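**Student:** Pasting input_7.cif here (mmCIF, C-alpha atoms):
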```
data_data
loop_
_atom_site.label_atom_id
_atom_site.label_comp_id
_atom_site.auth_asym_id
_atom_site.auth_seq_id
_atom_site.Cartn_x
_atom_site.Cartn_y
_atom_site.Cartn_z
CA MET A 641 -181.00 -27.62 -58.46
CA PHE A 642 -178.32 -26.43 -56.08
CA THR A 643 -175.66 -26.02 -58.76
CA ASP A 644 -177.78 -23.88 -61.09
CA GLU A 645 -176.47 -20.43 -60.18
CA SER A 646 -179.57 -18.73 -61.58
CA ASN A 647 -181.59 -20.30 -58.74
CA TRP A 648 -179.58 -18.21 -56.26
CA ARG A 649 -180.01 -14.79 -57.91
CA GLY A 650 -182.30 -11.85 -57.21
CA GLY A 651 -181.47 -11.37 -53.55
CA LEU A 652 -182.87 -13.13 -50.51
CA TYR A 653 -186.51 -13.20 -49.50
CA GLU A 654 -186.37 -14.08 -45.84
CA LEU A 655 -187.71 -14.53 -42.38
CA CYS A 656 -185.24 -12.71 -40.14
CA ILE A 657 -185.63 -13.63 -36.47
CA HIS A 658 -183.96 -11.47 -33.81
CA VAL A 659 -183.46 -14.21 -31.26
CA GLY A 660 -181.87 -12.37 -28.33
CA TYR A 661 -178.74 -10.69 -27.08
CA ILE A 662 -175.26 -11.98 -27.87
CA THR A 663 -174.23 -11.42 -24.24
CA ASP A 664 -176.90 -13.82 -22.95
CA GLU A 665 -175.05 -16.92 -21.75
CA ARG A 666 -177.79 -19.07 -23.30
CA SER A 667 -177.56 -17.37 -26.71
CA ASP A 668 -175.86 -20.31 -28.48
CA ALA A 669 -178.45 -22.78 -27.25
CA ARG A 670 -181.32 -20.41 -28.16
CA LEU A 671 -179.93 -19.83 -31.66
CA GLU A 672 -179.47 -23.53 -32.28
CA ARG A 673 -182.98 -24.26 -31.01
CA ALA A 674 -184.33 -21.58 -33.36
CA MET A 675 -182.42 -23.07 -36.31
CA VAL A 676 -183.84 -26.53 -35.70
CA SER A 677 -187.32 -25.10 -35.11
CA VAL A 678 -187.28 -23.13 -38.40
CA CYS A 679 -186.27 -26.24 -40.34
CA ARG A 680 -188.97 -28.34 -38.70
CA ALA A 681 -191.73 -25.72 -39.08
CA ALA A 682 -190.87 -25.00 -42.75
CA ASN A 683 -190.33 -28.70 -43.52
CA VAL A 684 -186.83 -28.04 -44.87
CA GLN A 685 -185.35 -31.06 -46.62
CA GLY A 686 -181.66 -31.65 -45.99
CA CYS A 687 -178.94 -29.62 -44.35
CA TYR A 688 -175.88 -29.13 -46.55
CA ALA A 689 -172.65 -27.15 -46.34
CA THR A 690 -172.42 -26.11 -49.99
CA ARG A 691 -174.57 -25.23 -52.95
CA ASN A 692 -171.75 -26.21 -55.33
CA LEU A 693 -172.78 -29.88 -55.19
CA GLU A 694 -176.21 -31.40 -55.62
CA PRO A 695 -177.68 -32.96 -52.45
CA ALA A 696 -177.16 -36.48 -53.86
CA GLU A 697 -173.44 -35.68 -54.24
CA GLN A 698 -172.84 -34.59 -50.63
CA SER A 699 -173.57 -35.79 -47.14
CA GLU A 700 -176.07 -34.12 -44.87
CA ILE A 701 -174.55 -32.35 -41.89
CA PRO A 702 -176.09 -31.62 -38.46
CA CYS A 703 -178.19 -28.47 -38.19
CA THR A 704 -175.98 -26.88 -35.52
CA LEU A 705 -174.20 -23.60 -34.90
CA ALA A 706 -170.88 -25.44 -35.30
CA SER A 707 -171.90 -26.57 -38.80
CA LEU A 708 -173.05 -23.07 -39.63
CA ALA A 709 -169.83 -21.52 -38.33
CA ARG A 710 -167.78 -23.81 -40.57
CA ALA A 711 -169.91 -23.32 -43.70
CA GLY A 712 -171.10 -19.70 -43.35
CA HIS A 713 -174.57 -20.61 -44.70
CA LEU A 714 -176.46 -23.90 -44.61
CA TYR A 715 -178.58 -25.04 -47.56
CA GLY A 716 -181.57 -27.25 -48.24
CA THR A 717 -184.82 -27.33 -50.16
CA VAL A 718 -188.25 -26.35 -48.94
CA PRO A 719 -191.80 -27.02 -50.20
CA LEU A 720 -193.73 -23.79 -50.73
CA PRO A 721 -197.47 -23.30 -50.29
CA GLY A 722 -198.94 -24.92 -53.40
CA GLY A 723 -196.43 -27.76 -53.42
CA ARG A 724 -193.48 -26.54 -55.52
CA THR A 725 -190.04 -27.01 -53.97
CA VAL A 726 -187.26 -24.39 -54.06
CA VAL A 727 -183.73 -24.05 -52.75
CA CYS A 728 -183.33 -22.32 -49.41
CA GLY A 729 -180.68 -21.41 -46.91
CA TRP A 730 -180.10 -20.04 -43.46
CA TYR A 731 -177.41 -17.97 -41.77
CA VAL A 732 -176.72 -16.27 -38.44
CA THR A 733 -175.58 -12.70 -37.86
CA ARG A 734 -174.12 -12.04 -34.44
CA ASP A 735 -172.61 -8.59 -34.76
CA LEU A 736 -175.56 -6.29 -35.33
CA GLU A 737 -175.15 -2.77 -33.97
CA ASP A 738 -177.82 -3.37 -31.33
CA GLY A 739 -176.07 -6.52 -30.13
CA THR A 740 -178.67 -9.12 -31.04
CA ASP A 741 -178.34 -12.59 -32.47
CA CYS A 742 -180.23 -12.83 -35.75
CA LEU A 743 -181.25 -15.96 -37.67
CA GLY A 744 -182.10 -15.54 -41.35
CA PHE A 745 -184.04 -18.22 -43.23
CA TYR A 746 -184.37 -17.44 -46.94
CA MET A 747 -185.34 -18.40 -50.44
CA PRO A 748 -183.63 -16.65 -53.36
CA VAL A 749 -186.05 -14.44 -55.30
CA GLU A 750 -185.12 -16.07 -58.62
CA ALA A 751 -186.00 -19.50 -57.19
CA LEU A 752 -189.39 -18.15 -56.12
CA GLN A 753 -189.97 -16.77 -59.61
CA ARG A 754 -188.96 -20.06 -61.22
CA ALA A 755 -191.44 -21.91 -59.02
CA SER A 756 -194.01 -20.03 -61.17
CA ILE A 757 -196.88 -20.54 -58.76
CA TYR A 758 -197.01 -16.86 -57.85
CA PRO A 759 -198.18 -13.94 -59.98
CA PHE A 760 -194.56 -12.80 -60.08
CA ASP A 761 -193.81 -9.94 -62.45
CA GLN A 762 -190.08 -9.82 -63.13
CA TRP A 763 -190.24 -6.03 -63.42
CA ALA A 764 -192.22 -5.54 -60.22
CA GLY A 765 -190.11 -8.12 -58.36
CA CYS A 766 -190.29 -7.63 -54.61
CA GLU A 767 -192.72 -4.72 -55.10
CA ASP A 768 -195.49 -7.19 -56.00
CA LEU A 769 -197.65 -7.53 -52.87
CA ALA A 770 -199.77 -10.32 -54.42
CA TRP A 771 -197.08 -13.02 -54.36
CA ARG A 772 -195.43 -11.59 -51.26
CA ARG A 773 -198.62 -12.04 -49.21
CA ILE A 774 -198.65 -15.78 -49.98
CA VAL A 775 -195.02 -16.18 -48.95
CA ASP A 776 -195.30 -13.79 -45.99
CA ASP A 777 -198.33 -15.60 -44.54
CA TRP A 778 -196.47 -18.91 -44.79
CA LEU A 779 -193.29 -17.48 -43.22
CA ALA A 780 -195.41 -15.91 -40.48
CA ASP A 781 -196.74 -19.40 -39.68
CA VAL A 782 -193.14 -20.67 -39.57
CA GLY A 783 -192.14 -17.80 -37.26
CA THR A 784 -195.13 -18.43 -34.99
CA ALA A 785 -194.12 -22.09 -34.64
CA VAL A 786 -190.55 -21.02 -33.80
CA TYR A 787 -191.84 -18.58 -31.17
CA ARG A 788 -193.44 -21.49 -29.30
CA ASP A 789 -189.93 -22.99 -28.98
CA VAL A 790 -187.86 -19.80 -28.61
CA ASP A 791 -189.51 -16.59 -27.40
CA PHE A 792 -187.58 -14.26 -29.69
CA LYS A 793 -187.51 -10.43 -29.55
CA PHE A 794 -189.18 -9.88 -32.96
CA ALA A 795 -189.04 -11.09 -36.56
CA VAL A 796 -189.26 -9.39 -39.94
CA ILE A 797 -190.27 -10.89 -43.30
CA GLY A 798 -189.19 -9.40 -46.61
CA TRP A 799 -186.38 -8.81 -49.05
CA GLN A 800 -182.72 -8.44 -47.95
CA LEU A 801 -183.22 -7.92 -44.21
CA ASP A 802 -179.75 -8.67 -42.85
CA VAL A 803 -179.23 -5.01 -41.87
CA PHE A 804 -182.58 -4.60 -40.08
CA THR A 805 -182.10 -3.74 -36.39
CA GLU A 806 -184.21 -3.10 -33.32
CA ARG A 807 -183.70 0.65 -33.84
CA ASP A 808 -185.78 0.38 -37.02
CA LEU A 809 -188.79 -0.30 -34.78
CA GLU A 810 -188.14 2.33 -32.09
CA ASP A 811 -191.15 4.35 -33.24
CA GLY A 812 -193.26 1.26 -33.89
CA VAL A 813 -194.32 -0.18 -37.23
CA PRO A 814 -194.61 2.55 -39.89
CA ASN A 815 -198.10 3.19 -41.32
CA GLU A 816 -196.89 2.04 -44.74
CA HIS A 817 -194.40 -0.82 -44.68
CA ARG A 818 -192.97 -3.22 -47.26
CA GLU A 819 -191.96 -5.74 -44.60
CA SER A 820 -194.20 -7.96 -42.51
CA TYR A 821 -193.58 -8.15 -38.77
CA LEU A 822 -193.95 -10.70 -35.98
CA LEU A 823 -194.06 -8.80 -32.70
CA PRO A 824 -194.43 -10.32 -29.22
CA SER A 825 -197.09 -8.72 -27.05
CA ASP A 826 -198.34 -10.08 -23.71
CA GLY A 827 -196.97 -13.56 -24.39
CA ARG A 828 -198.53 -13.73 -27.87
CA LEU A 829 -197.04 -13.13 -31.27
CA CYS A 830 -198.81 -10.51 -33.41
CA TYR A 831 -198.51 -10.71 -37.20
CA VAL A 832 -198.51 -7.33 -38.98
CA PRO A 833 -198.61 -8.00 -42.77
CA ALA A 834 -196.90 -5.75 -45.31
CA ASN A 835 -199.28 -3.20 -46.82
CA VAL A 836 -197.33 -1.65 -49.72
#
```
Any chance you could put this one into structure tokens?
**Tutor:**
Amino acid sequence: MFTDESNWRGGLYELCIHVGYITDERSDARLERAMVSVCRAANVQGCYATRNLEPAEQSEIPCTLASLARAGHLYGTVPLPGGRTVVCGWYVTRDLEDGTDCLGFYMPVEALQRASIYPFDQWAGCEDLAWRRIVDDWLADVGTAVYRDVDFKFAVIGWQLDVFTERDLEDGVPNEHRESYLLPSDGRLCYVPANV
């Protein structure tokens, strides 16, 4: 339920796609294409401007940058691996220090826990690699589908990633990493799963 505030707690577990540079004249079109591609690949249901009304109480809006600019975040629901459906949202950050456009697609951690299909330990939370691997693998598939439509710079999967920048990968992927990565290499997208 959109209006149940507890569904939106616990922080955001997300696929954060660094689409390209803000100065690129095609950046708006690329971002919008990435938004639509994420929704299609994840099978997101609905596109709404607020979580303060249930979907049946509001009209769907177009999945566009203009809609996102007016609302700040867009909201929907998404079926997870295993069939349970949770609330989800997406946002765009355009003022990162390294100058990239970033699209975040997320599910609140509390909604994932309430779906109760994962071995989620409320004390371990986002430290629990068992449930994260299920979600990360699925989000990696979503990111791979998006990459076929928009050849993005890189993507990161994990908890609260809105401050992640290209500088975080200057020395490559750390040996031990809590995040999963989607990294382009020779026209292909390599998936590097989290290992701690």
**Student:** At a cut-off of 9 Å around the point (-185.1, -14.1, -53.7) (file coordinates), what residues fall inside when counting only C-alpha atoms? I'd like the answer as a PyMOL selection string.
**Tutor:** chain A and resi 647-654+746-753+766+799-800
**Student:** Give the centre and edge lengths of an axis-aligned box, in Å to one decimal, that holds all listed atoms of segment 784-789 of chain A with 8 Å on each side, as JSON.
**Tutor:**
```
{"center_x": -192.5, "center_y": -20.7, "center_z": -32.0, "size_x": 21.2, "size_y": 20.6, "size_z": 22.0}
```
**Student:** Quick one: distance from atom CA of Leu823 of chain A to atom CA of Thr733 of chain A in Å, one decimal?
**Tutor:**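 Separation between atom CA of Leu823 of chain A and atom CA of Thr733 of chain A: 19.6 Å.
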**Student:** What gap, in Å, lies between atom CA of Val727 of chain A and atom CA of Met641 of chain A?
**Tutor:**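 Separation between atom CA of Val727 of chain A and atom CA of Met641 of chain A: 7.3 Å.
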**Student:** What is the distance, in Å and to one decimal place, between atom CA of Gly729 of chain A and atom CA of Pro824 of chain A?
**Tutor:**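 Calculated distance between atom CA of Gly729 of chain A and atom CA of Pro824 of chain A is 25.0 Å.
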**Student:** Need the shell around Ser699 of chain A: protein/DNA/RNA residues with any atom at most 9 Å away, counting all atoms listed in the file. Skip same-chain ones fewer than 6 positions apart. Format as a list in words?
**Tutor:**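 Contacts, in chain order: Cys687, Tyr688 and Ala689 of chain A.
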**Student:** So, with all atoms listed in the file as the atoms that count, which of A:Ala770, A:Ala696, A:Ala834, A:Val796 lies closest to Gly783 of chain A?
**Tutor:**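 Comparing A:Ala770, A:Ala696, A:Ala834, A:Val796 against Gly783 of chain A, the winner is A:Val796.
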**Student:** Where atoms are missing, can you supply N, CA, C and O atoms for segment 720-737 of chain A and output the lot as a short mmCIF file (atom, residue, chain, number, x, y, z; two decimals), in the coordinates of the input?
**Tutor:**
```cif
data_model
loop_
_atom_site.label_atom_id
_atom_site.label_comp_id
_atom_site.auth_asym_id
_atom_site.auth_seq_id
_atom_site.Cartn_x
_atom_site.Cartn_y
_atom_site.Cartn_z
N LEU A 720 -192.98 -25.03 -50.90
CA LEU A 720 -193.73 -23.79 -50.73
C LEU A 720 -195.23 -24.08 -50.65
O LEU A 720 -195.66 -25.16 -51.04
N PRO A 721 -196.02 -23.13 -50.20
CA PRO A 721 -197.47 -23.30 -50.29
C PRO A 721 -197.83 -23.56 -51.76
O PRO A 721 -197.34 -22.87 -52.65
N GLY A 722 -198.61 -24.55 -52.02
CA GLY A 722 -198.94 -24.92 -53.40
C GLY A 722 -198.14 -26.12 -53.88
O GLY A 722 -198.43 -26.68 -54.92
N GLY A 723 -197.10 -26.51 -53.12
CA GLY A 723 -196.43 -27.76 -53.42
C GLY A 723 -195.10 -27.71 -54.14
O GLY A 723 -194.36 -28.68 -54.13
N ARG A 724 -194.76 -26.60 -54.82
CA ARG A 724 -193.48 -26.54 -55.52
C ARG A 724 -192.34 -26.45 -54.51
O ARG A 724 -192.49 -25.87 -53.44
N THR A 725 -191.19 -27.02 -54.86
CA THR A 725 -190.04 -27.01 -53.97
C THR A 725 -188.96 -26.08 -54.53
O THR A 725 -188.72 -26.07 -55.74
N VAL A 726 -188.34 -25.29 -53.66
CA VAL A 726 -187.26 -24.39 -54.06
C VAL A 726 -186.06 -24.57 -53.14
O VAL A 726 -186.18 -25.12 -52.05
N VAL A 727 -184.92 -24.05 -53.59
CA VAL A 727 -183.73 -24.05 -52.75
C VAL A 727 -183.91 -23.02 -51.65
O VAL A 727 -184.66 -22.05 -51.79
N CYS A 728 -183.24 -23.24 -50.54
CA CYS A 728 -183.33 -22.32 -49.41
C CYS A 728 -182.02 -22.35 -48.65
O CYS A 728 -181.15 -23.18 -48.90
N GLY A 729 -181.88 -21.43 -47.73
CA GLY A 729 -180.68 -21.41 -46.91
C GLY A 729 -180.95 -20.70 -45.60
O GLY A 729 -182.01 -20.09 -45.41
N TRP A 730 -180.00 -20.77 -44.71
CA TRP A 730 -180.10 -20.04 -43.46
C TRP A 730 -178.71 -19.64 -43.00
O TRP A 730 -177.71 -20.24 -43.37
N TYR A 731 -178.67 -18.55 -42.25
CA TYR A 731 -177.41 -17.97 -41.77
C TYR A 731 -177.68 -17.32 -40.41
O TYR A 731 -178.83 -17.13 -40.01
N VAL A 732 -176.61 -16.98 -39.71
CA VAL A 732 -176.72 -16.27 -38.44
C VAL A 732 -175.83 -15.04 -38.50
O VAL A 732 -174.71 -15.11 -38.99
N THR A 733 -176.36 -13.92 -38.02
CA THR A 733 -175.58 -12.70 -37.86
C THR A 733 -175.51 -12.41 -36.37
O THR A 733 -176.53 -12.32 -35.71
N ARG A 734 -174.28 -12.24 -35.87
CA ARG A 734 -174.12 -12.04 -34.44
C ARG A 734 -173.47 -10.72 -34.09
O ARG A 734 -173.10 -10.51 -32.96
N ASP A 735 -173.31 -9.84 -35.05
CA ASP A 735 -172.61 -8.59 -34.76
C ASP A 735 -173.42 -7.38 -35.17
O ASP A 735 -172.88 -6.39 -35.63
N LEU A 736 -174.72 -7.44 -35.03
CA LEU A 736 -175.56 -6.29 -35.33
C LEU A 736 -175.25 -5.16 -34.35
O LEU A 736 -174.83 -5.40 -33.22
N GLU A 737 -175.47 -3.93 -34.79
CA GLU A 737 -175.15 -2.77 -33.97
C GLU A 737 -175.89 -2.79 -32.63
O GLU A 737 -175.38 -2.30 -31.63
#
```
